[in-house]
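Below is query_1.txt, which holds compact mmCIF, C-alpha atoms.
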```
# COMPACT_ATOMS: atom_id res chain seq x y z
CA ILE A 20 0.00 0.00 0.00
CA LEU A 21 2.81 2.35 0.86
CA GLU A 22 4.45 1.77 -2.50
CA LEU A 23 1.16 2.44 -4.17
CA LEU A 24 0.76 5.63 -2.18
CA ILE A 25 4.30 6.73 -3.03
CA GLN A 26 3.69 6.01 -6.70
CA ARG A 27 0.45 7.93 -6.61
CA ASP A 28 2.23 10.74 -4.82
CA GLY A 29 4.77 10.89 -7.64
CA GLU A 30 1.97 11.06 -10.18
CA PHE A 31 0.35 13.84 -8.21
CA GLN A 32 3.61 15.76 -8.12
CA GLU A 33 3.93 15.52 -11.89
CA LEU A 34 0.34 16.57 -12.36
CA MET A 35 0.92 19.51 -10.03
CA LYS A 36 3.89 20.62 -12.12
CA LEU A 37 1.76 20.34 -15.23
CA ALA A 38 -1.01 22.33 -13.54
CA VAL A 39 1.45 25.03 -12.52
CA ASP A 40 2.75 25.22 -16.11
CA GLN A 41 -0.80 25.43 -17.42
CA GLY A 42 -1.50 28.18 -14.87
CA LYS A 43 1.48 30.15 -16.21
CA ILE A 44 0.31 29.65 -19.78
CA HIS A 45 -3.16 30.73 -18.73
CA HIS A 46 -1.74 33.89 -17.24
CA GLU A 47 0.16 34.57 -20.47
CA MET A 48 -3.03 34.01 -22.43
CA GLN A 49 -4.85 36.53 -20.28
CA LEU A 50 -2.13 39.07 -20.99
CA LEU A 51 -2.36 38.34 -24.70
CA GLU A 52 -6.13 38.75 -24.61
CA LYS A 53 -5.69 42.14 -23.01
CA VAL A 54 -3.22 43.09 -25.74
CA VAL A 55 -5.65 41.90 -28.41
CA GLU A 56 -8.43 43.96 -26.85
CA LYS A 57 -6.20 47.03 -26.74
CA ARG A 58 -5.20 46.55 -30.37
CA ASP A 59 -8.86 46.19 -31.32
CA ASN A 60 -9.63 49.51 -29.66
CA ASP A 61 -6.68 51.15 -31.40
CA ILE A 62 -7.76 49.81 -34.76
CA GLN A 63 -11.34 50.97 -34.27
CA GLN A 64 -10.20 54.42 -33.23
CA LEU A 65 -7.85 54.63 -36.18
CA GLN A 66 -10.56 53.53 -38.55
CA LYS A 67 -12.86 56.19 -37.16
CA GLN A 68 -10.21 58.86 -37.63
CA LEU A 69 -9.50 57.65 -41.14
CA LYS A 70 -13.20 57.83 -41.96
CA GLU A 71 -13.37 61.39 -40.67
CA ALA A 72 -10.27 62.33 -42.63
CA GLU A 73 -11.72 60.75 -45.75
CA HIS A 74 -14.92 62.71 -45.30
CA ILE A 75 -13.04 65.98 -44.82
CA LEU A 76 -10.80 65.29 -47.80
CA ALA A 77 -13.75 64.31 -49.98
CA THR A 78 -15.48 67.56 -49.09
CA ALA A 79 -12.31 69.53 -49.80
CA VAL A 80 -11.81 67.77 -53.12
CA TYR A 81 -15.42 68.43 -54.09
CA GLN A 82 -15.11 72.10 -53.21
CA ALA A 83 -11.81 72.34 -55.05
CA LYS A 84 -13.36 70.76 -58.14
CA GLU A 85 -16.26 73.18 -57.95
CA LYS A 86 -13.79 76.03 -57.66
CA LEU A 87 -11.83 74.73 -60.64
CA LYS A 88 -15.04 74.54 -62.62
CA SER A 89 -15.90 78.11 -61.76
CA ILE A 90 -12.35 79.19 -62.60
CA GLU A 91 -12.62 77.45 -65.94
CA LYS A 92 -16.00 79.03 -66.52
CA ALA A 93 -14.63 82.43 -65.63
CA ARG A 94 -11.72 81.92 -68.02
CA LYS A 95 -14.04 81.04 -70.87
CA GLY A 96 -16.19 84.10 -70.32
CA ALA A 97 -13.46 86.45 -69.27
CA ILE A 98 -14.59 89.97 -68.49
CA SER A 99 -12.15 92.74 -67.91
CA SER A 100 -12.08 94.55 -64.61
CA GLU A 101 -12.97 97.74 -66.41
CA GLU A 102 -16.25 96.19 -67.49
CA ILE A 103 -17.06 95.23 -63.92
CA ILE A 104 -16.22 98.70 -62.67
CA LYS A 105 -18.43 100.19 -65.35
CA TYR A 106 -21.24 97.91 -64.30
CA ALA A 107 -20.72 98.90 -60.68
CA HIS A 108 -20.97 102.52 -61.73
CA ARG A 109 -24.21 101.74 -63.48
CA ILE A 110 -25.64 100.17 -60.36
CA SER A 111 -24.45 102.86 -58.01
CA ALA A 112 -25.61 105.62 -60.32
CA SER A 113 -29.23 104.67 -59.71
CA ASN A 114 -28.83 104.98 -55.93
CA ALA A 115 -30.21 101.45 -55.72
CA VAL A 116 -27.67 100.16 -53.23
CA CYS A 117 -26.99 103.21 -51.07
CA ALA A 118 -28.26 106.67 -50.46
CA PRO A 119 -26.74 109.52 -52.44
CA LEU A 120 -23.68 111.09 -50.87
CA THR A 121 -25.43 114.42 -50.54
CA TRP A 122 -28.56 113.04 -48.96
CA VAL A 123 -29.97 115.15 -46.11
CA PRO A 124 -33.18 114.79 -44.05
CA GLY A 125 -36.12 115.86 -46.14
CA ASP A 126 -34.57 114.62 -49.36
CA PRO A 127 -37.28 112.54 -51.09
CA ARG A 128 -34.73 110.31 -52.82
CA ARG A 129 -34.53 106.83 -51.44
CA PRO A 130 -31.92 104.06 -51.70
CA TYR A 131 -34.67 101.59 -52.53
CA PRO A 132 -36.98 101.61 -55.55
CA THR A 133 -39.98 103.83 -55.23
CA ASP A 134 -43.48 102.87 -56.30
CA LEU A 135 -43.09 104.61 -59.61
CA GLU A 136 -39.82 102.82 -60.27
CA MET A 137 -41.33 99.50 -59.38
CA ARG A 138 -44.24 100.14 -61.70
CA SER A 139 -41.92 101.13 -64.51
CA GLY A 140 -39.81 97.99 -64.05
CA LEU A 141 -40.24 94.66 -65.79
CA LEU A 142 -42.32 93.21 -62.95
CA GLY A 143 -44.71 96.11 -63.04
CA GLN A 144 -45.07 95.76 -66.79
CA MET A 145 -45.81 92.07 -66.47
CA ASN A 146 -48.60 92.74 -63.99
CA ASN A 147 -50.04 95.67 -65.88
CA PRO A 148 -49.50 95.20 -69.59
CA SER A 149 -51.72 98.18 -70.30
CA THR A 150 -49.26 100.55 -68.64
CA ASN A 151 -46.41 99.78 -70.95
CA GLY A 152 -46.09 103.41 -71.70
CA VAL A 153 -44.72 103.99 -68.22
CA ASN A 154 -41.59 102.17 -69.26
CA GLY A 155 -40.07 105.18 -70.83
CA HIS A 156 -40.59 107.40 -67.85
CA LEU A 157 -37.78 108.50 -65.68
CA PRO A 158 -37.41 106.86 -62.27
CA GLY A 159 -38.87 108.47 -59.21
CA ASP A 160 -35.48 109.28 -57.83
CA ALA A 161 -34.69 111.27 -60.88
CA LEU A 162 -38.00 113.05 -60.68
CA ALA A 163 -37.52 113.75 -57.04
CA ALA A 164 -34.02 114.93 -57.60
CA GLY A 165 -35.25 117.32 -60.21
CA ARG A 166 -37.22 119.21 -57.61
CA LEU A 167 -34.22 119.60 -55.38
CA PRO A 168 -32.34 122.84 -55.27
CA ASP A 169 -28.98 122.90 -56.97
CA VAL A 170 -27.23 122.69 -53.64
CA LEU A 171 -28.60 119.19 -53.07
CA ALA A 172 -27.82 117.95 -56.53
CA PRO A 173 -25.00 115.40 -56.29
CA GLN A 174 -21.70 116.21 -57.85
CA TYR A 175 -19.31 113.34 -58.57
CA PRO A 176 -15.66 113.66 -59.38
CA TRP A 177 -16.01 111.77 -62.63
CA GLN A 178 -18.83 113.94 -63.70
CA SER A 179 -18.15 116.57 -66.33
CA SER A 180 -20.38 119.43 -67.23
CA ASP A 181 -21.07 118.25 -70.75
CA MET A 182 -21.95 114.76 -69.50
CA SER A 183 -24.81 116.10 -67.48
CA MET A 184 -26.34 117.34 -70.70
CA ASN A 185 -26.59 113.84 -72.13
CA MET A 186 -30.11 112.56 -72.22
CA LEU A 187 -31.03 109.02 -71.43
CA PRO A 188 -32.82 107.17 -74.17
CA PRO A 189 -36.42 106.73 -73.17
CA ASN A 190 -36.46 102.94 -73.10
CA HIS A 191 -33.31 102.22 -71.15
CA SER A 192 -34.42 99.79 -68.49
CA ASN A 193 -32.64 96.77 -69.98
CA ASP A 194 -29.26 98.45 -70.03
CA PHE A 195 -28.51 97.17 -66.56
CA MET A 196 -27.74 93.77 -67.98
CA LEU A 197 -24.05 93.16 -68.38
CA GLU A 198 -23.22 93.09 -72.01
CA PRO A 199 -20.70 90.67 -73.50
CA PRO A 200 -17.19 91.89 -74.18
CA GLY A 201 -16.52 93.22 -77.60
CA HIS A 202 -18.69 96.29 -77.34
CA ASN A 203 -16.31 98.22 -75.24
CA LYS A 204 -16.77 101.51 -76.99
CA GLU A 205 -20.54 101.42 -76.80
CA ASN A 206 -20.52 100.20 -73.24
CA GLU A 207 -18.19 102.91 -72.21
CA ASP A 208 -20.53 105.52 -73.58
CA ASP A 209 -23.51 103.89 -71.89
CA VAL A 210 -21.75 103.69 -68.59
CA GLU A 211 -20.77 107.27 -68.65
CA VAL A 212 -24.32 108.22 -69.40
CA MET A 213 -25.66 105.97 -66.67
CA SER A 214 -23.12 107.06 -64.12
CA THR A 215 -24.37 110.57 -64.43
CA ASP A 216 -27.96 109.46 -64.20
CA SER A 217 -28.59 110.71 -60.69
CA SER A 218 -26.83 113.96 -61.32
CA SER A 219 -28.12 114.67 -64.79
CA SER A 220 -31.65 113.94 -63.71
CA SER A 221 -31.85 117.41 -62.27
CA SER A 222 -31.66 118.83 -65.73
CA ASP A 223 -33.69 116.33 -67.72
CA SER A 224 -36.57 115.72 -65.35
CA ASP A 225 -38.13 119.03 -66.01
CA MET B 903 -3.12 -2.71 18.91
CA ASP B 904 -6.27 -0.69 19.38
CA LYS B 905 -4.21 2.38 19.91
CA ASP B 906 -2.37 1.74 16.62
CA SER B 907 -5.61 1.26 14.75
CA GLN B 908 -6.92 4.51 16.20
CA ASP B 909 -3.74 6.30 15.09
CA VAL B 910 -4.08 4.82 11.62
CA HIS B 911 -7.68 5.96 11.47
CA GLN B 912 -6.73 9.43 12.55
CA VAL B 913 -3.95 9.63 9.96
CA LEU B 914 -6.28 8.29 7.33
CA ASN B 915 -8.86 10.90 8.26
CA GLU B 916 -6.26 13.63 8.01
CA LEU B 917 -5.25 12.27 4.60
CA LYS B 918 -8.86 12.23 3.56
CA ASN B 919 -9.28 15.82 4.62
CA LYS B 920 -6.17 16.76 2.71
CA PHE B 921 -7.62 15.12 -0.39
CA GLN B 922 -10.81 17.10 0.05
CA GLU B 923 -8.92 20.37 0.37
CA MET B 924 -6.82 19.43 -2.62
CA ARG B 925 -9.92 18.81 -4.72
CA LYS B 926 -11.25 22.24 -3.78
CA LEU B 927 -7.88 23.79 -4.60
CA ILE B 928 -7.72 22.06 -7.97
CA SER B 929 -11.17 23.29 -8.94
CA SER B 930 -10.06 26.85 -8.31
CA MET B 931 -6.78 26.57 -10.23
CA PRO B 932 -6.82 28.57 -13.48
CA GLY B 933 -5.94 27.12 -16.83
CA ILE B 934 -6.55 23.46 -16.16
CA GLY B 935 -9.96 23.32 -17.79
CA VAL B 936 -8.44 22.33 -21.10
CA SER B 937 -5.77 19.90 -22.12
CA PRO B 938 -2.21 21.19 -22.55
CA GLU B 939 -2.43 20.66 -26.32
CA GLN B 940 -5.60 22.72 -26.60
CA GLN B 941 -4.09 25.37 -24.39
CA GLN B 942 -1.01 25.57 -26.60
CA GLN B 943 -3.26 25.88 -29.64
CA GLN B 944 -5.20 28.74 -28.04
CA LEU B 945 -1.93 30.42 -27.11
CA GLN B 946 -0.71 30.18 -30.69
CA ASN B 947 -3.99 31.61 -31.95
CA LEU B 948 -3.73 34.56 -29.60
CA ARG B 949 -0.14 35.24 -30.61
CA GLU B 950 -1.18 35.12 -34.26
CA GLN B 951 -4.02 37.57 -33.57
CA VAL B 952 -1.68 40.00 -31.85
CA ARG B 953 0.78 39.76 -34.74
CA THR B 954 -1.93 40.35 -37.34
CA LYS B 955 -3.37 43.31 -35.48
CA ASN B 956 0.06 44.85 -35.05
CA GLU B 957 0.67 44.52 -38.77
CA LEU B 958 -2.73 46.08 -39.49
CA LEU B 959 -1.98 49.01 -37.21
CA GLN B 960 1.39 49.56 -38.86
CA LYS B 961 -0.29 49.41 -42.25
CA TYR B 962 -2.86 52.02 -41.21
CA LYS B 963 -0.19 54.29 -39.78
CA SER B 964 1.97 54.12 -42.87
CA LEU B 965 -0.97 54.43 -45.24
CA CYS B 966 -0.54 57.07 -47.91
CA MET B 967 -3.68 59.14 -47.77
CA PHE B 968 -2.71 61.67 -50.42
CA GLU B 969 -2.70 59.63 -53.57
CA ILE B 970 -3.48 61.90 -56.46
CA PRO B 971 -6.13 60.31 -58.65
CA LYS B 972 -5.20 60.18 -62.32
CA GLU B 973 -7.98 61.47 -64.49
```
Would it be possible to restate this file's structure as structure tokens?
Amino acid sequence: ILELLIQRDGEFQELMKLAVDQGKIHHEMQLLEKVVEKRDNDIQQLQKQLKEAEHILATAVYQAKEKLKSIEKARKGAISSEEIIKYAHRISASNAVCAPLTWVPGDPRRPYPTDLEMRSGLLGQMNNPSTNGVNGHLPGDALAAGRLPDVLAPQYPWQSSDMSMNMLPPNHSNDFMLEPPGHNKENEDDVEVMSTDSSSSSSDSD
Amino acid sequence: MDKDSQDVHQVLNELKNKFQEMRKLISSMPGIGVSPEQQQQQLQNLREQVRTKNELLQKYKSLCMFEIPKE
């Protein structure tokens, strides 16, 4: 019996060594599992950042392509800066975007279209086809400016005395459209006439 | 003789108690639920996973994100 017990004891000792080894391996496996979990988190975070970067880059590329398209479009229909400045003069000459420089309280001129101007515009003509004759009339600002004393009449540096004598053609409402390049001489004349619109109105409204 | 048999009984009881404690201890030992071969296989799998994930991370970090598309 003793020999049997000793033999069994030896077997137990070997099994205990094996169990201790397996315990060490188990511990190593736990460490590896933690590493795997950490790597998984890193990969997910990196994927998320890559997705965000891809989204940002895609947006930037789209915007850049749109900008290139507009650049190409602008190159095809190139307009000189002088044309743009002339057009700006046309717009500003009608006092449509800001009040006249010489505006004082009591001045009936307004930076926005008056009723008469609205009626004489394209929209007014569409609503009232019978009043097409109004089209040729001068705008309300011009009419109002005509009643002002000479002190209130605006004087611009680019204005010359002979320019103020130029008369607007009666049907001139479509001249605000930007004309294609190639008519520089005509445009220049038109712009000069239009730029003196607010000032020359004092002479031609009466 | 009786005294000897009593001593033997006592020693046997102590041995029996030790066996009981040992059984409890064995059930709480980690890593002996599987055979050593299976455990080695699992260990290899985990090492392979770690290696693959490390490679993937390195690939992501060295990824060229500014490839210019040829139109």
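Proximity to chain B was assessed for A:Asp61, A:Glu91, A:Glu85, A:Glu102 counting only C-alpha atoms; the smallest distance is recorded for A:Asp61.
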Check your understanding: Quick one: of A:Ile104, A:Ile20, A:Ala93, A:Met35, who's nearest to chain B, counting only C-alpha atoms?
Key ->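 Distance minimum relative to chain B lands on A:Met35.
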Review point. What is the distance, in Å and to one decimal place, between CA of Met137 in chain A and CA of Ile110 in chain A?
Key: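 We find that CA of Met137 in chain A and CA of Ile110 in chain A lie 15.7 Å from each other.
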**Study point:** Top pick for closest residue to Gln944 in chain B, considering A:Ile90, A:Ala118, A:Val123, A:Met48 and counting only C-alpha atoms
**Key:**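 Among A:Ile90, A:Ala118, A:Val123, A:Met48, it is A:Met48 that comes nearest to Gln944 in chain B.
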**Study point:** Length of the CA of Phe31 in chain A to CA of Lys43 in chain A vector [Å]
**Key:**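 Separation between CA of Phe31 in chain A and CA of Lys43 in chain A: 18.2 Å.
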Review point. Taking all atoms listed in the file into account, which residues of chain B are within 12 Å of chain A, as a PyMOL selection string?
Key: chain B and resi 917+921+924-925+927-971
Review point. By how many Å are CA of Asn146 in chain A and CA of Arg128 in chain A apart?
Key: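 Taking CA of Asn146 in chain A as the start and CA of Arg128 in chain A as the end point, the length is 25.0 Å.
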